[in-house]
file protein-v2.txt (compact mmCIF, C-alpha atoms and all ligand atoms)
# COMPACT_ATOMS: atom_id res chain seq x y z
CA MET D 1 43.58 25.34 16.52
CA ALA D 2 43.48 24.67 12.79
CA ASP D 3 41.40 21.51 12.73
CA SER D 4 39.09 21.80 15.70
CA HIS D 5 35.43 20.82 15.76
CA ASP D 6 32.74 21.62 18.32
CA PHE D 7 29.72 19.33 18.32
CA LYS D 8 26.55 19.38 20.38
CA VAL D 9 25.01 15.96 21.01
CA VAL D 10 21.69 15.39 22.78
CA LEU D 11 20.59 12.23 24.57
CA LEU D 12 16.95 11.33 24.05
CA GLY D 13 14.69 8.41 24.92
CA LYS D 14 12.20 7.06 27.39
CA GLY D 15 12.93 7.39 31.12
CA CYS D 16 15.11 4.67 32.66
CA VAL D 17 16.57 3.32 29.42
CA GLY D 18 20.02 4.35 30.63
CA LYS D 19 20.76 7.75 29.08
CA THR D 20 22.43 9.21 32.16
CA SER D 21 24.31 5.95 32.71
CA ILE D 22 25.71 6.07 29.17
CA VAL D 23 26.89 9.66 29.54
CA LEU D 24 28.42 9.00 32.96
CA ARG D 25 30.20 5.92 31.69
CA TYR D 26 31.52 7.79 28.71
CA THR D 27 32.66 10.98 30.43
CA GLU D 28 33.65 9.69 33.86
CA ASP D 29 33.78 5.91 33.51
CA LYS D 30 31.31 5.48 36.37
CA PHE D 31 28.20 3.34 36.75
CA ASN D 32 25.45 3.48 39.36
CA ASN D 33 22.73 0.90 39.93
CA GLU D 34 20.29 3.58 41.04
CA HIS D 35 18.28 5.68 38.66
CA LEU D 36 19.94 9.05 38.93
CA THR D 37 17.52 11.91 38.85
CA THR D 38 18.99 14.95 37.24
CA ILE D 39 17.21 18.08 38.34
CA GLN D 40 17.57 20.03 35.09
CA ALA D 41 18.97 19.37 31.67
CA SER D 42 22.72 19.29 32.10
CA PHE D 43 25.64 18.91 29.78
CA LEU D 44 28.98 17.22 30.09
CA LYS D 45 32.05 17.90 28.02
CA LYS D 46 34.39 15.46 26.38
CA LYS D 47 37.50 16.30 24.40
CA LEU D 48 39.05 13.85 21.94
CA ASN D 49 41.78 13.74 19.35
CA ILE D 50 40.94 11.77 16.23
CA ASP D 51 43.42 11.59 13.33
CA GLY D 52 44.89 14.92 14.36
CA LYS D 53 41.47 16.52 14.64
CA ARG D 54 40.50 18.05 17.94
CA ILE D 55 36.89 17.23 18.84
CA ASN D 56 34.99 19.03 21.59
CA LEU D 57 31.73 17.33 22.47
CA ALA D 58 29.04 18.96 24.57
CA ILE D 59 26.71 16.11 25.54
CA TRP D 60 23.27 17.16 26.75
CA ASP D 61 21.44 14.80 29.06
CA THR D 62 17.75 15.19 29.80
CA ALA D 63 16.49 15.61 33.31
CA GLY D 64 13.49 13.37 33.50
CA GLN D 65 11.31 15.69 31.42
CA GLU D 66 11.02 12.80 28.99
CA LYS D 67 8.22 11.48 31.24
CA PHE D 68 6.14 14.57 30.64
CA HIS D 69 7.22 15.12 27.06
CA ALA D 70 8.21 18.56 28.20
CA LEU D 71 11.38 18.76 26.13
CA GLY D 72 10.88 21.43 23.53
CA PRO D 73 12.82 22.21 20.36
CA LEU D 74 14.98 24.58 22.42
CA TYR D 75 16.69 21.57 23.93
CA TYR D 76 17.74 19.90 20.70
CA ARG D 77 17.95 22.94 18.42
CA SER D 78 21.45 23.45 16.98
CA SER D 79 22.41 19.87 17.82
CA ASN D 80 24.79 18.17 15.43
CA GLY D 81 23.96 14.73 16.70
CA ALA D 82 21.40 12.82 18.74
CA VAL D 83 21.82 9.57 20.64
CA ILE D 84 18.33 8.11 20.91
CA VAL D 85 18.31 5.29 23.42
CA TYR D 86 16.00 2.33 23.97
CA ASP D 87 16.23 -0.52 26.45
CA ILE D 88 16.44 -3.91 24.70
CA THR D 89 14.18 -5.38 27.43
CA ASP D 90 11.43 -2.80 26.88
CA GLN D 91 9.47 -2.92 23.62
CA ASP D 92 7.70 0.35 24.36
CA SER D 93 11.02 2.18 24.53
CA LEU D 94 11.60 1.46 20.82
CA GLN D 95 8.27 3.12 20.02
CA LYS D 96 9.49 6.18 21.87
CA VAL D 97 12.63 6.18 19.71
CA LYS D 98 10.44 6.29 16.61
CA SER D 99 8.54 9.35 17.79
CA TRP D 100 11.80 11.16 18.56
CA VAL D 101 13.22 10.34 15.13
CA LYS D 102 10.07 11.69 13.52
CA GLU D 103 10.23 14.92 15.48
CA LEU D 104 13.96 15.48 14.85
CA ARG D 105 13.70 14.82 11.12
CA LYS D 106 10.73 17.15 10.91
CA MET D 107 12.46 19.98 12.78
CA LEU D 108 16.09 19.57 11.67
CA GLY D 109 15.99 17.46 8.50
CA THR D 110 19.33 15.88 7.63
CA ASP D 111 21.35 18.51 9.49
CA ILE D 112 21.37 16.22 12.51
CA SER D 113 23.21 12.87 12.60
CA LEU D 114 21.31 10.16 14.43
CA ALA D 115 22.45 7.15 16.43
CA ILE D 116 19.80 4.76 17.73
CA VAL D 117 21.13 2.78 20.67
CA GLY D 118 19.85 -0.46 22.22
CA ASN D 119 21.19 -0.29 25.78
CA LYS D 120 21.43 -2.97 28.53
CA THR D 121 22.95 -5.71 26.39
CA ASP D 122 24.05 -7.40 29.61
CA LEU D 123 20.34 -8.33 29.91
CA GLU D 124 20.27 -10.11 26.55
CA HIS D 125 18.34 -13.03 28.13
CA GLU D 126 15.47 -10.61 28.86
CA ARG D 127 15.43 -9.12 25.36
CA GLN D 128 12.00 -8.02 24.09
CA VAL D 129 12.97 -5.84 21.15
CA ASP D 130 13.36 -7.70 17.88
CA LEU D 131 16.88 -7.07 16.62
CA ASN D 132 16.04 -7.31 12.93
CA GLU D 133 13.10 -4.97 13.28
CA ALA D 134 15.23 -2.36 15.06
CA ASP D 135 18.00 -2.77 12.48
CA ALA D 136 15.66 -2.34 9.54
CA TYR D 137 14.06 0.70 11.14
CA ALA D 138 17.43 2.41 11.79
CA GLN D 139 18.51 1.79 8.22
CA LYS D 140 15.27 3.21 6.89
CA VAL D 141 15.72 6.49 8.75
CA ASN D 142 19.45 6.74 7.97
CA ALA D 143 20.53 6.35 11.58
CA LEU D 144 23.38 4.37 13.04
CA HIS D 145 22.25 1.41 15.13
CA TRP D 146 24.48 0.59 18.04
CA HIS D 147 24.34 -1.67 21.07
CA THR D 148 25.68 -0.76 24.49
CA SER D 149 25.81 -1.76 28.09
CA ALA D 150 26.58 1.11 30.43
CA LYS D 151 26.78 -1.45 33.21
CA ALA D 152 29.30 -3.77 31.52
CA ASN D 153 30.96 -0.87 29.70
CA GLU D 154 30.38 -2.26 26.25
CA GLY D 155 30.05 -0.39 22.98
CA ILE D 156 29.97 3.13 24.39
CA GLU D 157 33.31 4.48 23.14
CA GLU D 158 32.57 2.90 19.76
CA LEU D 159 29.12 4.46 19.63
CA PHE D 160 30.43 8.00 20.17
CA LEU D 161 33.30 7.45 17.71
CA ALA D 162 30.89 6.30 15.01
CA LEU D 163 28.63 9.30 15.66
CA ILE D 164 31.60 11.70 15.53
CA GLU D 165 32.62 10.24 12.15
CA LYS D 166 29.09 10.78 10.88
CA MET D 167 28.98 14.37 12.18
CA LEU D 168 32.39 15.14 10.61
CA GLU D 169 31.19 13.80 7.25
CA ARG D 170 28.03 15.87 7.48
CA ARG D 171 30.00 19.02 8.34
CA ALA D 172 32.39 18.44 5.41
CA GLU D 173 29.37 18.11 3.09
CA GLN D 174 27.86 21.32 4.45
CA GLU D 175 31.16 23.18 4.01
CA ALA D 176 31.54 21.90 0.45
CA GLN D 177 27.99 23.03 -0.33
CA SER D 178 28.49 26.49 1.11
CA SER D 179 31.80 27.02 -0.73
CA THR D 180 30.15 25.99 -4.01
CA LEU D 181 27.41 28.51 -3.32
CA SER D 182 29.84 31.32 -2.55
CA ARG D 183 31.89 30.50 -5.68
CA GLN D 184 28.75 30.77 -7.74
CA GLY D 185 27.97 34.04 -6.00
CA SER D 186 31.34 35.59 -6.87
CA GLN D 187 31.10 34.41 -10.46
CA ARG D 188 27.81 36.20 -10.74
CA LYS D 189 29.43 39.32 -9.33
CA ASN D 190 32.23 39.12 -11.90
CA VAL D 191 29.73 39.00 -14.69
CA LEU D 192 28.11 42.17 -13.34
CA VAL D 193 31.47 43.96 -13.05
CA VAL D 194 32.32 43.11 -16.64
CA ASP D 195 28.96 44.53 -17.73
CA ASP D 196 29.63 47.75 -15.79
CA GLU D 197 33.04 48.21 -17.40
CA GLN D 198 31.62 47.70 -20.84
CA LEU D 199 29.00 50.33 -20.26
CA GLU D 200 31.22 52.88 -18.58
CA PRO D 201 34.00 53.74 -21.09
CA THR D 202 31.64 54.69 -23.87
CA PRO D 203 30.60 58.16 -22.65
CA ARG D 204 34.11 59.00 -21.41
CA SER D 205 35.71 58.23 -24.73
CA CYS D 206 33.11 60.45 -26.38
CA CYS D 207 33.96 63.29 -24.01
CA SER D 208 37.73 63.00 -24.47
CA SER D 209 37.46 62.97 -28.23
CA GLN D 210 35.46 66.17 -28.26
P1 LIG D 301 17.72 7.42 32.22
O1 LIG D 301 16.44 7.73 32.91
O2 LIG D 301 17.47 7.07 30.78
O3 LIG D 301 18.76 8.48 32.38
O4 LIG D 301 18.28 6.07 32.87
P2 LIG D 301 19.41 5.88 34.01
O5 LIG D 301 20.76 6.08 33.45
O6 LIG D 301 19.05 6.67 35.21
O7 LIG D 301 19.24 4.31 34.29
C1 LIG D 301 18.02 3.75 34.71
C2 LIG D 301 18.27 2.44 35.39
O8 LIG D 301 18.81 1.49 34.48
C3 LIG D 301 19.28 2.51 36.54
O9 LIG D 301 18.84 1.64 37.56
C4 LIG D 301 20.57 2.02 35.94
O10 LIG D 301 21.43 1.45 36.89
C5 LIG D 301 20.05 0.98 34.96
N1 LIG D 301 20.95 0.80 33.81
C6 LIG D 301 21.45 1.74 32.99
N2 LIG D 301 22.23 1.20 32.04
C7 LIG D 301 22.21 -0.13 32.24
C8 LIG D 301 22.81 -1.27 31.58
O11 LIG D 301 23.54 -1.14 30.60
N3 LIG D 301 22.52 -2.50 32.08
C9 LIG D 301 21.71 -2.68 33.17
N4 LIG D 301 21.50 -3.94 33.58
N5 LIG D 301 21.13 -1.65 33.81
C10 LIG D 301 21.38 -0.40 33.36
MG MG D 302 18.59 10.38 33.30

call {"tool": "encode", "arguments": {"input": "protein-v2.txt", "output": "structure tokens"}}
result
Amino acid sequence: MADSHDFKVVLLGKGCVGKTSIVLRYTEDKFNNEHLTTIQASFLKKKLNIDGKRINLAIWDTAGQEKFHALGPLYYRSSNGAVIVYDITDQDSLQKVKSWVKELRKMLGTDISLAIVGNKTDLEHERQVDLNEADAYAQKVNALHWHTSAKANEGIEELFLALIEKMLERRAEQEAQSSTLSRQGSQRKNVLVVDDEQLEPTPRSCCSSQ
């Protein structure tokens, strides 16, 4: 298809913040009160149509390795986007977000689009994380800041839409950069060709005149 985009998105964050619940809500519109233990990293697919663009998302969910910090760069390498989740009732989970952001920016720079997500907004009365602090932090690291409740099904569609927009913008920038580079490359080649032609006729004309 002409305007089709494949994106890989990884879910990151402390255990029990609701990563699996967000993915399940988004891809299957299901919610479970139990903590679902995934045995290995798994991915779910989601296809969307946005303004005539076909979007294929591969969403990678972690499998509890977050507890052991066993997730290596292999897991998030070649990701276009990351959804880094904290639980608004757990201050420590925001700290974990910060260490993930640091690692991703170090390894992937600005190639990856980030969305920081405060989940469990249905538990607003138990909030521990300071909203302004989280907002300011997200802005500082050029990440989206979104709020969701997988349980109440709030904000999840909107979160992924916003991230897709950001990934599309990033891809358009990358394509514009690479076409500028290749234009410059062919201009350089033209200059060389012209030089060759100027050099070449001289001996031949000498020969033919003799
Ligand atoms: P993960 O370890 O980050 O994948 O977290 P899970 O998706 O397994 O969720 C951990 C626990 O939090 C489970 O008991 C979920 O039912 C619960 N949970 C997830 N999302 C929400 C939410 O939005 N609101 C509430 N109240 N609980 C949630
Ligand atoms: Mg999980």

call {"tool": "residues_around", "arguments": {"input": "protein-v2.txt", "residues": "Asn32 (chain D)", "least_positions_apart": "3", "cutoff": "12 Å", "atoms": "only C-alpha atoms", "output": "VMD selection string"}}
result
chain D and resid 18 20 to 25 28 to 29 35 to 37 150 to 153

call {"tool": "atom_distance", "arguments": {"input": "protein-v2.txt", "atom1": "CA of Leu131 (chain D)", "atom2": "CA of Tyr86 (chain D)"}}
result
12.0 Å

call {"tool": "atom_distance", "arguments": {"input": "protein-v2.txt", "atom1": "CA of Lys98 (chain D)", "atom2": "CA of Val83 (chain D)"}}
result
12.5 Å

call {"tool": "closest_residue", "arguments": {"input": "protein-v2.txt", "among": "D:Leu168, D:Gly109, D:Ser149, D:Val101", "to": "Ser4 (chain D)", "atoms": "all atoms listed in the file"}}
result
D:Leu168

call {"tool": "residues_around", "arguments": {"input": "protein-v2.txt", "residues": "Leu94 (chain D)", "least_positions_apart": "3", "cutoff": "12 Å", "atoms": "only C-alpha atoms", "output": "PyMOL selection string"}}
result
chain D and resi 12-15+17+84-91+97-101+116-119+128-131+133-135+137-138

call {"tool": "axis_aligned_box", "arguments": {"input": "protein-v2.txt", "around": "region 86-91 of chain D", "padding_each_side": "8 Å", "output": "lines of an AutoDock Vina configuration file"}}
result
center_x = 13.0
center_y = -1.5
center_z = 25.5
size_x = 23.0
size_y = 23.7
size_z = 19.8

call {"tool": "decode", "arguments": {"input": "protein-v2.txt", "residues": "region 153-169 of chain D", "atoms": "all heavy atoms", "output": "compact mmCIF listing (two decimals), in the first residue's frame"}}
result
# COMPACT_ATOMS: atom_id res chain seq x y z
N ASN D 153 -10.95 2.22 31.40
CA ASN D 153 -10.80 2.48 29.95
C ASN D 153 -10.81 3.97 29.64
O ASN D 153 -11.63 4.47 28.88
CB ASN D 153 -11.90 1.77 29.16
CG ASN D 153 -11.59 1.75 27.66
OD1 ASN D 153 -10.48 2.09 27.26
ND2 ASN D 153 -12.55 1.34 26.85
N GLU D 154 -9.87 4.65 30.24
CA GLU D 154 -9.74 6.09 29.98
C GLU D 154 -8.35 6.42 29.41
O GLU D 154 -7.34 5.95 29.95
CB GLU D 154 -9.91 6.88 31.29
CG GLU D 154 -11.37 7.08 31.66
CD GLU D 154 -11.54 7.66 33.05
OE1 GLU D 154 -10.52 8.02 33.70
OE2 GLU D 154 -12.69 7.73 33.49
N GLY D 155 -8.36 7.21 28.36
CA GLY D 155 -7.12 7.79 27.85
C GLY D 155 -6.24 6.89 27.00
O GLY D 155 -5.21 7.35 26.50
N ILE D 156 -6.61 5.63 26.84
CA ILE D 156 -5.68 4.69 26.19
C ILE D 156 -5.64 4.87 24.67
O ILE D 156 -4.56 4.99 24.09
CB ILE D 156 -6.01 3.25 26.62
CG1 ILE D 156 -5.68 3.12 28.11
CG2 ILE D 156 -5.21 2.24 25.80
CD1 ILE D 156 -6.04 1.82 28.74
N GLU D 157 -6.80 4.94 24.05
CA GLU D 157 -6.84 5.20 22.59
C GLU D 157 -6.09 6.49 22.29
O GLU D 157 -5.31 6.58 21.35
CB GLU D 157 -8.29 5.39 22.13
CG GLU D 157 -9.17 4.18 22.29
CD GLU D 157 -9.30 3.40 20.98
OE1 GLU D 157 -8.93 3.97 19.93
OE2 GLU D 157 -9.73 2.25 21.04
N GLU D 158 -6.38 7.51 23.09
CA GLU D 158 -5.81 8.84 22.87
C GLU D 158 -4.29 8.81 23.03
O GLU D 158 -3.56 9.45 22.27
CB GLU D 158 -6.40 9.86 23.86
CG GLU D 158 -7.88 10.13 23.67
CD GLU D 158 -8.79 9.16 24.45
OE1 GLU D 158 -8.31 8.06 24.82
OE2 GLU D 158 -9.96 9.49 24.67
N LEU D 159 -3.82 8.06 24.01
CA LEU D 159 -2.38 7.91 24.22
C LEU D 159 -1.71 7.34 22.96
O LEU D 159 -0.72 7.90 22.47
CB LEU D 159 -2.14 6.98 25.42
CG LEU D 159 -0.85 6.15 25.40
CD1 LEU D 159 0.36 7.03 25.59
CD2 LEU D 159 -0.90 5.06 26.47
N PHE D 160 -2.24 6.24 22.44
CA PHE D 160 -1.59 5.62 21.28
C PHE D 160 -1.70 6.51 20.04
O PHE D 160 -0.76 6.59 19.25
CB PHE D 160 -2.14 4.21 21.04
CG PHE D 160 -1.54 3.19 21.97
CD1 PHE D 160 -2.21 2.79 23.12
CD2 PHE D 160 -0.28 2.65 21.72
CE1 PHE D 160 -1.65 1.86 24.00
CE2 PHE D 160 0.29 1.73 22.60
CZ PHE D 160 -0.40 1.34 23.74
N LEU D 161 -2.84 7.21 19.91
CA LEU D 161 -2.97 8.14 18.77
C LEU D 161 -1.92 9.24 18.83
O LEU D 161 -1.29 9.56 17.82
CB LEU D 161 -4.36 8.77 18.76
CG LEU D 161 -5.46 7.97 18.05
CD1 LEU D 161 -6.80 8.69 18.18
CD2 LEU D 161 -5.10 7.75 16.59
N ALA D 162 -1.74 9.80 20.02
CA ALA D 162 -0.75 10.88 20.17
C ALA D 162 0.65 10.36 19.87
O ALA D 162 1.45 11.04 19.22
CB ALA D 162 -0.83 11.46 21.59
N LEU D 163 0.95 9.14 20.33
CA LEU D 163 2.28 8.58 20.07
C LEU D 163 2.47 8.30 18.58
O LEU D 163 3.55 8.56 18.03
CB LEU D 163 2.48 7.30 20.90
CG LEU D 163 3.86 6.66 20.78
CD1 LEU D 163 4.97 7.60 21.27
CD2 LEU D 163 3.92 5.35 21.57
N ILE D 164 1.42 7.81 17.92
CA ILE D 164 1.51 7.56 16.47
C ILE D 164 1.80 8.86 15.72
O ILE D 164 2.66 8.91 14.84
CB ILE D 164 0.21 6.89 15.95
CG1 ILE D 164 0.12 5.46 16.48
CG2 ILE D 164 0.18 6.89 14.42
CD1 ILE D 164 -1.26 4.82 16.31
N GLU D 165 1.10 9.93 16.10
CA GLU D 165 1.35 11.23 15.47
C GLU D 165 2.81 11.62 15.61
O GLU D 165 3.45 12.10 14.67
CB GLU D 165 0.50 12.33 16.13
CG GLU D 165 -1.00 12.24 15.84
CD GLU D 165 -1.34 12.56 14.38
OE1 GLU D 165 -0.58 13.34 13.78
OE2 GLU D 165 -2.33 12.00 13.87
N LYS D 166 3.33 11.44 16.81
CA LYS D 166 4.72 11.81 17.09
C LYS D 166 5.69 10.94 16.26
O LYS D 166 6.67 11.44 15.72
CB LYS D 166 4.99 11.63 18.59
CG LYS D 166 6.07 12.55 19.16
CD LYS D 166 6.05 12.50 20.68
CE LYS D 166 7.40 12.77 21.30
NZ LYS D 166 7.78 14.19 21.32
N MET D 167 5.38 9.65 16.14
CA MET D 167 6.26 8.76 15.37
C MET D 167 6.19 9.09 13.88
O MET D 167 7.21 9.02 13.18
CB MET D 167 5.88 7.30 15.62
CG MET D 167 6.19 6.84 17.05
SD MET D 167 6.00 5.06 17.31
CE MET D 167 4.26 4.81 17.00
N LEU D 168 5.00 9.46 13.39
CA LEU D 168 4.86 9.85 11.98
C LEU D 168 5.67 11.11 11.69
O LEU D 168 6.37 11.20 10.67
CB LEU D 168 3.39 10.09 11.63
CG LEU D 168 2.52 8.85 11.40
CD1 LEU D 168 1.04 9.24 11.34
CD2 LEU D 168 2.93 8.11 10.13
N GLU D 169 5.59 12.09 12.61
CA GLU D 169 6.37 13.32 12.43
C GLU D 169 7.86 13.02 12.38
O GLU D 169 8.60 13.52 11.55
CB GLU D 169 6.12 14.28 13.61
CG GLU D 169 4.88 15.13 13.46
CD GLU D 169 4.53 15.83 14.78
OE1 GLU D 169 5.43 16.06 15.62
OE2 GLU D 169 3.32 16.14 14.97
